[in-house]
file data.txt (compact mmCIF, C-alpha atoms)
# COMPACT_ATOMS: atom_id res chain seq x y z
CA MET Y 1 -18.27 7.72 21.67
CA LYS Y 2 -14.87 7.83 23.29
CA ILE Y 3 -12.65 10.46 21.75
CA ASN Y 4 -8.91 10.30 22.19
CA SER Y 5 -7.49 13.78 21.72
CA ASN Y 6 -3.84 12.70 21.80
CA VAL Y 7 -3.98 11.37 18.25
CA PRO Y 8 -4.97 13.04 14.96
CA LEU Y 9 -8.71 13.43 14.46
CA GLU Y 10 -8.88 10.64 11.89
CA TYR Y 11 -7.73 8.13 14.54
CA SER Y 12 -9.78 9.65 17.35
CA THR Y 13 -12.44 6.98 17.85
CA GLU Y 14 -11.99 3.24 18.09
CA GLU Y 15 -14.10 2.83 14.96
CA ASN Y 16 -11.82 5.25 13.14
CA SER Y 17 -8.58 3.52 13.98
CA ASN Y 18 -10.18 0.16 13.15
CA LYS Y 19 -11.17 1.50 9.75
CA ILE Y 20 -7.60 2.58 9.09
CA LEU Y 21 -6.31 -0.82 10.17
CA GLY Y 22 -8.94 -2.51 7.99
CA PHE Y 23 -7.87 -0.48 5.01
CA TRP Y 24 -4.26 -1.55 5.46
CA LEU Y 25 -5.47 -5.16 5.39
CA PHE Y 26 -7.27 -4.37 2.12
CA LEU Y 27 -4.04 -2.92 0.72
CA GLY Y 28 -2.37 -6.23 1.58
CA ALA Y 29 -4.95 -7.95 -0.62
CA GLU Y 30 -4.27 -5.39 -3.34
CA ILE Y 31 -0.57 -6.29 -3.21
CA ALA Y 32 -1.58 -9.91 -3.82
CA LEU Y 33 -3.87 -8.87 -6.70
CA PHE Y 34 -1.22 -6.84 -8.50
CA SER Y 35 1.35 -9.59 -7.89
CA THR Y 36 -0.78 -12.04 -9.88
CA LEU Y 37 -0.99 -9.53 -12.75
CA PHE Y 38 2.77 -8.90 -12.65
CA ALA Y 39 3.38 -12.66 -12.58
CA THR Y 40 1.22 -13.04 -15.68
CA TYR Y 41 3.03 -10.22 -17.46
CA PHE Y 42 6.50 -11.51 -16.57
CA THR Y 43 5.53 -14.92 -17.92
CA LEU Y 44 4.13 -13.60 -21.20
CA TRP Y 45 6.19 -10.49 -21.92
CA ASN Y 46 8.11 -12.06 -24.81
CA ARG Y 47 5.13 -13.97 -26.27
CA THR Y 48 4.49 -11.26 -28.84
CA GLY Y 49 3.34 -13.46 -31.74
CA ASN Y 50 2.89 -11.33 -34.86
CA GLY Y 51 2.33 -8.18 -32.80
CA PRO Y 52 4.84 -5.55 -31.71
CA THR Y 53 7.27 -6.07 -28.83
CA GLY Y 54 7.42 -3.80 -25.83
CA HIS Y 55 10.61 -2.31 -27.19
CA GLU Y 56 8.84 -1.23 -30.38
CA LEU Y 57 5.69 -0.09 -28.60
CA PHE Y 58 6.73 1.87 -25.52
CA GLU Y 59 7.33 5.62 -25.77
CA LEU Y 60 9.58 7.14 -23.12
CA ASN Y 61 8.01 10.62 -23.17
CA GLY Y 62 4.50 9.48 -22.27
CA VAL Y 63 5.79 7.18 -19.55
CA LEU Y 64 7.91 9.93 -17.97
CA MET Y 65 4.91 12.24 -18.09
CA GLU Y 66 2.72 9.67 -16.35
CA THR Y 67 5.37 9.02 -13.71
CA PHE Y 68 5.85 12.71 -13.03
CA LEU Y 69 2.09 13.35 -12.78
CA LEU Y 70 1.52 10.46 -10.41
CA LEU Y 71 4.55 11.19 -8.20
CA THR Y 72 3.49 14.82 -7.92
CA SER Y 73 -0.11 13.90 -7.15
CA SER Y 74 1.11 11.57 -4.41
CA PHE Y 75 3.12 14.47 -2.98
CA THR Y 76 0.17 16.90 -3.03
CA CYS Y 77 -2.03 14.22 -1.48
CA GLY Y 78 0.51 13.97 1.35
CA LEU Y 79 0.44 17.76 1.69
CA ALA Y 80 -3.37 17.66 1.84
CA ILE Y 81 -3.27 15.28 4.81
CA HIS Y 82 -0.59 17.39 6.45
CA ALA Y 83 -2.74 20.52 6.03
CA MET Y 84 -5.75 18.59 7.32
CA ARG Y 85 -3.90 17.74 10.51
CA HIS Y 86 -3.22 21.43 11.03
CA GLY Y 87 -6.90 22.17 10.47
CA PHE Y 88 -6.37 24.21 7.29
CA LYS Y 89 -9.56 23.41 5.43
CA LYS Y 90 -8.96 25.57 2.40
CA ALA Y 91 -5.40 24.33 1.86
CA THR Y 92 -6.59 20.74 2.20
CA MET Y 93 -9.25 21.29 -0.44
CA VAL Y 94 -6.77 22.96 -2.79
CA PHE Y 95 -4.21 20.16 -2.38
CA PHE Y 96 -6.86 17.49 -2.90
CA ALA Y 97 -8.10 19.32 -5.99
CA ILE Y 98 -4.55 19.45 -7.41
CA THR Y 99 -4.14 15.75 -6.59
CA LEU Y 100 -7.28 14.82 -8.51
CA VAL Y 101 -6.44 17.05 -11.48
CA LEU Y 102 -2.99 15.45 -11.70
CA GLY Y 103 -4.72 12.06 -11.49
CA LEU Y 104 -6.95 13.07 -14.39
CA GLY Y 105 -3.86 14.19 -16.31
CA PHE Y 106 -2.31 10.77 -15.70
CA LEU Y 107 -5.46 9.07 -17.00
CA GLY Y 108 -5.48 11.35 -20.05
CA VAL Y 109 -1.91 10.37 -20.95
CA GLU Y 110 -2.65 6.69 -20.34
CA ILE Y 111 -5.81 6.73 -22.46
CA THR Y 112 -3.94 8.53 -25.28
CA GLU Y 113 -1.27 5.84 -25.02
CA PHE Y 114 -3.87 3.04 -25.27
CA VAL Y 115 -5.52 4.71 -28.26
CA THR Y 116 -2.14 5.00 -30.00
CA TYR Y 117 -1.43 1.32 -29.32
CA VAL Y 118 -4.76 0.25 -30.77
CA HIS Y 119 -4.23 2.51 -33.81
CA ASP Y 120 -0.88 0.81 -34.37
CA GLY Y 121 -2.68 -2.53 -34.42
CA ALA Y 122 -1.68 -3.51 -30.89
CA THR Y 123 -4.97 -4.53 -29.27
CA VAL Y 124 -5.73 -6.66 -26.26
CA SER Y 125 -6.22 -9.73 -28.50
CA THR Y 126 -3.13 -9.26 -30.70
CA SER Y 127 -0.75 -11.28 -28.54
CA ALA Y 128 -0.37 -12.79 -25.09
CA PHE Y 129 2.09 -10.00 -24.28
CA LEU Y 130 -0.48 -7.31 -25.10
CA SER Y 131 -3.28 -9.11 -23.23
CA SER Y 132 -1.22 -9.23 -20.06
CA LEU Y 133 0.00 -5.65 -20.58
CA PHE Y 134 -3.47 -4.20 -21.06
CA VAL Y 135 -4.87 -6.12 -18.08
CA LEU Y 136 -2.04 -4.94 -15.80
CA LEU Y 137 -2.14 -1.29 -16.94
CA GLY Y 138 -5.92 -1.32 -17.19
CA THR Y 139 -6.36 -2.56 -13.62
CA HIS Y 140 -4.07 0.17 -12.37
CA GLY Y 141 -5.83 2.79 -14.51
CA LEU Y 142 -9.21 1.61 -13.23
CA HIS Y 143 -7.95 2.03 -9.68
CA VAL Y 144 -6.87 5.58 -10.49
CA SER Y 145 -10.29 6.33 -12.04
CA MET Y 146 -12.06 4.98 -8.95
CA GLY Y 147 -9.71 7.02 -6.79
CA ILE Y 148 -10.63 10.23 -8.62
CA LEU Y 149 -14.36 9.62 -8.10
CA TRP Y 150 -13.77 8.64 -4.48
CA GLY Y 151 -11.57 11.69 -3.80
CA ALA Y 152 -14.12 14.01 -5.39
CA ALA Y 153 -16.89 12.56 -3.22
CA ILE Y 154 -14.76 13.10 -0.10
CA MET Y 155 -14.04 16.70 -1.11
CA ILE Y 156 -17.78 17.36 -1.32
CA GLN Y 157 -18.19 15.91 2.18
CA ILE Y 158 -15.39 18.06 3.62
CA LYS Y 159 -16.93 21.10 1.99
CA ARG Y 160 -20.35 20.34 3.51
CA GLN Y 161 -19.37 19.01 6.93
CA GLY Y 162 -15.92 20.43 7.58
CA PHE Y 163 -13.32 18.37 9.43
CA THR Y 164 -15.10 15.80 11.59
CA ALA Y 165 -13.94 12.44 12.90
CA GLU Y 166 -15.69 10.90 9.87
CA THR Y 167 -14.47 13.16 7.07
CA THR Y 168 -10.85 13.25 8.27
CA ASN Y 169 -10.91 9.47 8.61
CA LYS Y 170 -12.22 9.08 5.06
CA SER Y 171 -9.63 11.55 3.74
CA PHE Y 172 -6.78 9.73 5.46
CA ILE Y 173 -7.92 6.36 4.11
CA PHE Y 174 -8.22 7.87 0.64
CA SER Y 175 -4.65 9.15 0.95
CA LEU Y 176 -3.44 5.62 1.79
CA TYR Y 177 -5.15 4.36 -1.36
CA TRP Y 178 -3.67 7.11 -3.52
CA HIS Y 179 -0.11 6.58 -2.27
CA PHE Y 180 -0.54 2.85 -2.80
CA LEU Y 181 -1.45 3.45 -6.45
CA ASP Y 182 1.76 5.41 -6.78
CA VAL Y 183 3.71 2.47 -5.35
CA VAL Y 184 2.11 0.12 -7.90
CA TRP Y 185 2.95 2.58 -10.67
CA ILE Y 186 6.62 2.66 -9.64
CA PHE Y 187 6.78 -1.08 -10.21
CA ILE Y 188 4.99 -0.77 -13.56
CA PHE Y 189 7.34 2.06 -14.55
CA SER Y 190 10.43 0.05 -13.61
CA PHE Y 191 9.58 -3.51 -14.57
CA VAL Y 192 7.20 -3.02 -17.48
CA TYR Y 193 8.34 0.15 -19.24
CA LEU Y 194 12.02 0.61 -18.38
CA LYS Y 195 12.75 -3.12 -18.53
CA GLY Y 196 10.82 -3.28 -21.81
CA MET Y 197 12.79 -0.40 -23.32
CA MET Y 198 16.19 -1.77 -22.30
CA MET P 1 3.72 28.56 3.75
CA LYS P 2 6.28 26.69 5.80
CA GLN P 3 3.46 24.88 7.59
CA LEU P 4 1.88 23.89 4.29
CA PHE P 5 5.09 22.52 2.76
CA PRO P 6 6.87 20.51 5.45
CA ILE P 7 10.52 20.08 4.55
CA LYS P 8 10.32 16.30 5.00
CA HIS P 9 7.59 15.96 2.39
CA VAL P 10 9.37 18.25 -0.07
CA MET P 11 12.64 16.35 0.35
CA GLY P 12 10.80 13.04 -0.03
CA TYR P 13 9.19 14.23 -3.22
CA LEU P 14 12.50 15.46 -4.68
CA PHE P 15 14.17 12.21 -3.67
CA SER P 16 11.43 10.22 -5.43
CA LEU P 17 11.98 12.24 -8.62
CA VAL P 18 15.73 11.65 -8.36
CA LEU P 19 15.15 7.91 -7.93
CA SER P 20 13.00 7.86 -11.07
CA VAL P 21 15.76 9.58 -13.01
CA VAL P 22 18.39 7.17 -11.64
CA ALA P 23 16.22 4.25 -12.80
CA LEU P 24 16.38 5.70 -16.33
CA ALA P 25 20.06 4.73 -16.38
CA VAL P 26 19.02 1.24 -17.47
CA ILE P 27 17.85 2.49 -20.86
CA PHE P 28 20.58 5.07 -21.50
CA PHE P 29 23.60 2.97 -20.55
CA ASP P 30 24.54 -0.41 -21.90
CA LEU P 31 24.30 -2.39 -18.69
CA SER P 32 24.15 -6.13 -18.18
CA PHE P 33 20.69 -7.56 -17.46
CA SER P 34 21.47 -8.33 -13.82
CA ALA P 35 23.04 -4.90 -13.16
CA ALA P 36 19.96 -3.22 -14.67
CA MET P 37 17.60 -5.36 -12.56
CA VAL P 38 19.54 -4.48 -9.40
CA ILE P 39 19.26 -0.75 -10.18
CA LEU P 40 15.53 -1.02 -10.91
CA LEU P 41 14.88 -3.10 -7.79
CA VAL P 42 16.82 -0.83 -5.46
CA CYS P 43 15.15 2.30 -6.85
CA ALA P 44 11.67 0.76 -6.74
CA ILE P 45 12.09 -0.54 -3.17
CA LEU P 46 13.43 2.82 -1.97
CA GLN P 47 10.53 4.62 -3.65
CA ALA P 48 7.98 2.23 -2.16
CA SER P 49 9.50 2.63 1.33
CA LEU P 50 9.45 6.38 0.92
CA GLN P 51 5.72 6.33 0.20
CA LEU P 52 5.09 3.85 2.97
CA PHE P 53 6.98 5.56 5.78
CA LEU P 54 6.81 9.21 4.79
CA PHE P 55 3.47 9.68 3.06
CA MET P 56 1.43 6.78 4.40
CA HIS P 57 2.70 7.19 7.98
CA VAL P 58 2.78 3.41 8.45
CA SER P 59 4.69 3.71 11.72
CA GLU P 60 2.68 6.46 13.40
CA ALA P 61 0.02 4.52 15.36
CA ALA P 62 1.87 2.82 18.20
CA ASP P 63 -0.82 0.26 18.95
CA THR P 64 -1.22 -1.04 15.41
CA LYS P 65 2.34 -0.56 14.12
CA LYS P 66 3.35 -4.17 14.60
CA THR P 67 0.17 -5.47 12.98
CA LEU P 68 0.69 -3.24 9.95
CA TYR P 69 4.29 -4.35 9.50
CA LEU P 70 3.27 -8.00 9.78
CA ASN P 71 0.41 -7.49 7.35
CA ILE P 72 2.62 -5.80 4.76
CA ALA P 73 5.40 -8.33 5.20
CA TYR P 74 2.90 -11.16 4.71
CA ALA P 75 1.34 -9.49 1.65
CA VAL P 76 4.78 -8.94 0.11
CA PHE P 77 5.68 -12.58 0.89
CA VAL P 78 2.51 -13.80 -0.85
CA GLY P 79 3.27 -11.46 -3.77
CA LEU P 80 6.85 -12.69 -4.15
CA VAL P 81 5.78 -16.34 -3.95
CA THR P 82 3.14 -15.64 -6.61
CA ILE P 83 5.58 -13.91 -8.95
CA PHE P 84 8.62 -16.14 -8.51
CA GLY P 85 6.53 -19.30 -8.18
CA THR P 86 4.89 -18.46 -11.50
CA LEU P 87 8.22 -17.71 -13.16
CA PHE P 88 9.64 -20.96 -11.79
CA THR P 89 6.78 -23.16 -12.97
CA MET P 90 6.18 -21.40 -16.30
CA ILE P 91 9.67 -20.41 -17.45
CA TRP P 92 12.73 -21.32 -15.41
CA GLY P 93 11.58 -24.88 -14.73
CA TYR P 94 11.80 -25.72 -18.44
CA GLN P 95 15.29 -24.43 -19.09
call {"tool": "encode", "arguments": {"input": "data.txt", "output": "structure tokens"}}
result
Amino acid sequence: MKINSNVPLEYSTEENSNKILGFWLFLGAEIALFSTLFATYFTLWNRTGNGPTGHELFELNGVLMETFLLLTSSFTCGLAIHAMRHGFKKATMVFFAITLVLGLGFLGVEITEFVTYVHDGATVSTSAFLSSLFVLLGTHGLHVSMGILWGAAIMIQIKRQGFTAETTNKSFIFSLYWHFLDVVWIFIFSFVYLKGMM
Amino acid sequence: MKQLFPIKHVMGYLFSLVLSVVALAVIFFDLSFSAAMVILLVCAILQASLQLFLFMHVSEAADTKKTLYLNIAYAVFVGLVTIFGTLFTMIWGYQ
């Protein structure tokens, strides 16, 4: 195995840098996936039938909370990778733990929001608007849930094996995924919630 | 401590919070639809670039930098065609 010591550990082997490149290609596909969901939502957002409109449904406080939690978790995830590159194992673990807890907090707020919607009679089958809304938000929420499980699994591996070419590579790829989810959320925040509350 | 909290990351984080607050202008001020969309778009694109360049280090690997840019540009192109193509065929085309 050829190890290049001029680059961070997670890029150090050819396999490693190929994995990072491959993950970027996957993120490209994710952009396409979320675009189709946004396209659906933008087409159906005013087809509310007998159900509530976005303006009646959306609550600013919950949305701000979600945005703050996700932005902060993205920041701590960045700090985790930064600490990893300096070889601070404990700091990396702490930052990753904070990231995942904030992610869980985000999910908690989102689930509460969904439960409130359903209680108010706004379910996935109420109107075309709500179908497209739940599918868009649900897909993002599912990604966050997967990310939490994935991140937790990587933390266990760092704890057991320390920083190796493999574990740092996995951590870095996880960080790409997590920041990407934040990017998707920014667009949901702006063009679903804020536009809906205008 | 200084090594754990690089100034660039902290500034990036604060800037992203500020951008989120700026985007809130669209619900607190009575803006026209197009002005509001411009504000939302500019804030969202700045935020996305911040994540991409600062936190995701898209430009750090010299040998794959060009490939990554091309890949993202292509993905964004496909995304925009999907969104605006859908809007055109489903909504604007009928008006």
call {"tool": "closest_residue", "arguments": {"input": "data.txt", "among": "P:Ala62, P:Ala44, P:Leu50, P:Ile39", "to": "chain Y", "atoms": "only C-alpha atoms"}}
result
P:Ala44
call {"tool": "closest_residue", "arguments": {"input": "data.txt", "among": "Y:Thr67, Y:Ser145, Y:Thr72, Y:Ser125", "to": "Leu24 in chain P", "atoms": "only C-alpha atoms"}}
result
Y:Thr67
call {"tool": "residues_around", "arguments": {"input": "data.txt", "residues": "Pro6 in chain P", "least_positions_apart": "4", "cutoff": "9 Å", "atoms": "all atoms listed in the file", "output": "ChimeraX atom specification"}}
result
/Y:79,82 /P:1-2,10-11
call {"tool": "interface_residues", "arguments": {"input": "data.txt", "of": "chain Y", "to": "chain P", "cutoff": "6 Å", "atoms": "only C-alpha atoms", "output": "JSON, numbers by chain"}}
result
{"Y": [28, 32, 35, 39, 78, 83, 176, 183, 190, 198]}
call {"tool": "closest_residue", "arguments": {"input": "data.txt", "among": "Y:Phe172, Y:Tyr177, Y:Phe95, Y:Phe189", "to": "Asn16 in chain Y", "atoms": "only C-alpha atoms"}}
result
Y:Phe172
call {"tool": "atom_distance", "arguments": {"input": "data.txt", "atom1": "CA of Ser171 in chain Y", "atom2": "CA of Leu21 in chain Y"}}
result
14.3 Å
call {"tool": "axis_aligned_box", "arguments": {"input": "data.txt", "around": "range 171-183 of chain Y", "padding_each_side": "4 Å", "output": "lines of an AutoDock Vina configuration file"}}
result
center_x = -3.0
center_y = 7.0
center_z = -0.7
size_x = 21.3
size_y = 17.1
size_z = 20.2
call {"tool": "atom_distance", "arguments": {"input": "data.txt", "atom1": "CA of Ser132 in chain Y", "atom2": "CA of Leu104 in chain Y"}}
result
23.7 Å
call {"tool": "closest_residue", "arguments": {"input": "data.txt", "among": "Y:Ile173, Y:Leu64, Y:Val118, Y:Ala153", "to": "Ile188 in chain Y", "atoms": "all atoms listed in the file"}}
result
Y:Leu64
call {"tool": "closest_residue", "arguments": {"input": "data.txt", "among": "Y:Gly51, Y:Gly22, Y:Pro8, Y:Gly62", "to": "Tyr193 in chain Y", "atoms": "all atoms listed in the file"}}
result
Y:Gly62
call {"tool": "closest_residue", "arguments": {"input": "data.txt", "among": "P:Leu70, P:Ala35, P:Gly93, P:Val42", "to": "Leu19 in chain P", "atoms": "all atoms listed in the file"}}
result
P:Val42
call {"tool": "atom_distance", "arguments": {"input": "data.txt", "atom1": "CA of Ser12 in chain Y", "atom2": "CA of Glu166 in chain Y"}}
result
9.6 Å
call {"tool": "residues_near_point", "arguments": {"input": "data.txt", "point": "(-1.5, -13.3, -22.3)", "cutoff": "12 Å", "atoms": "all atoms listed in the file", "output": "MDAnalysis selection string"}}
result
chainID Y and resid 37:49 123:136
call {"tool": "build_atoms", "arguments": {"input": "data.txt", "residues": "range 32-51 of chain Y", "atoms": "N, CA and C atoms", "output": "short mmCIF file (atom, residue, chain, number, x, y, z; two decimals), in the coordinates of the input"}}
result
data_model
loop_
_atom_site.label_atom_id
_atom_site.label_comp_id
_atom_site.auth_asym_id
_atom_site.auth_seq_id
_atom_site.Cartn_x
_atom_site.Cartn_y
_atom_site.Cartn_z
N ALA Y 32 -1.44 -8.56 -3.26
CA ALA Y 32 -1.58 -9.91 -3.82
C ALA Y 32 -2.19 -9.84 -5.21
N LEU Y 33 -3.22 -9.00 -5.39
CA LEU Y 33 -3.87 -8.87 -6.70
C LEU Y 33 -2.87 -8.43 -7.77
N PHE Y 34 -2.15 -7.34 -7.48
CA PHE Y 34 -1.22 -6.84 -8.50
C PHE Y 34 -0.07 -7.82 -8.72
N SER Y 35 0.30 -8.59 -7.70
CA SER Y 35 1.35 -9.59 -7.89
C SER Y 35 0.94 -10.62 -8.92
N THR Y 36 -0.34 -11.05 -8.89
CA THR Y 36 -0.78 -12.04 -9.88
C THR Y 36 -0.69 -11.45 -11.29
N LEU Y 37 -1.04 -10.16 -11.42
CA LEU Y 37 -0.99 -9.53 -12.75
C LEU Y 37 0.45 -9.36 -13.22
N PHE Y 38 1.35 -9.00 -12.29
CA PHE Y 38 2.77 -8.90 -12.65
C PHE Y 38 3.31 -10.28 -13.04
N ALA Y 39 2.92 -11.30 -12.27
CA ALA Y 39 3.38 -12.66 -12.58
C ALA Y 39 2.96 -13.05 -13.99
N THR Y 40 1.71 -12.74 -14.34
CA THR Y 40 1.22 -13.04 -15.68
C THR Y 40 2.04 -12.31 -16.73
N TYR Y 41 2.27 -11.02 -16.48
CA TYR Y 41 3.03 -10.22 -17.46
C TYR Y 41 4.45 -10.74 -17.62
N PHE Y 42 5.11 -11.05 -16.49
CA PHE Y 42 6.50 -11.51 -16.57
C PHE Y 42 6.60 -12.85 -17.29
N THR Y 43 5.52 -13.64 -17.21
CA THR Y 43 5.53 -14.92 -17.92
C THR Y 43 5.35 -14.72 -19.42
N LEU Y 44 4.54 -13.71 -19.80
CA LEU Y 44 4.13 -13.60 -21.20
C LEU Y 44 4.81 -12.46 -21.96
N TRP Y 45 5.72 -11.73 -21.31
CA TRP Y 45 6.19 -10.49 -21.92
C TRP Y 45 6.89 -10.69 -23.26
N ASN Y 46 7.47 -11.87 -23.50
CA ASN Y 46 8.11 -12.06 -24.81
C ASN Y 46 7.27 -12.92 -25.76
N ARG Y 47 6.03 -13.21 -25.37
CA ARG Y 47 5.13 -13.97 -26.27
C ARG Y 47 4.38 -12.97 -27.14
N THR Y 48 5.09 -12.37 -28.09
CA THR Y 48 4.49 -11.26 -28.84
C THR Y 48 3.83 -11.70 -30.14
N GLY Y 49 3.98 -12.97 -30.52
CA GLY Y 49 3.34 -13.46 -31.74
C GLY Y 49 3.69 -12.60 -32.94
N ASN Y 50 2.66 -12.21 -33.69
CA ASN Y 50 2.89 -11.33 -34.86
C ASN Y 50 2.79 -9.86 -34.49
N GLY Y 51 2.50 -9.57 -33.22
CA GLY Y 51 2.33 -8.18 -32.80
C GLY Y 51 3.66 -7.54 -32.44
#
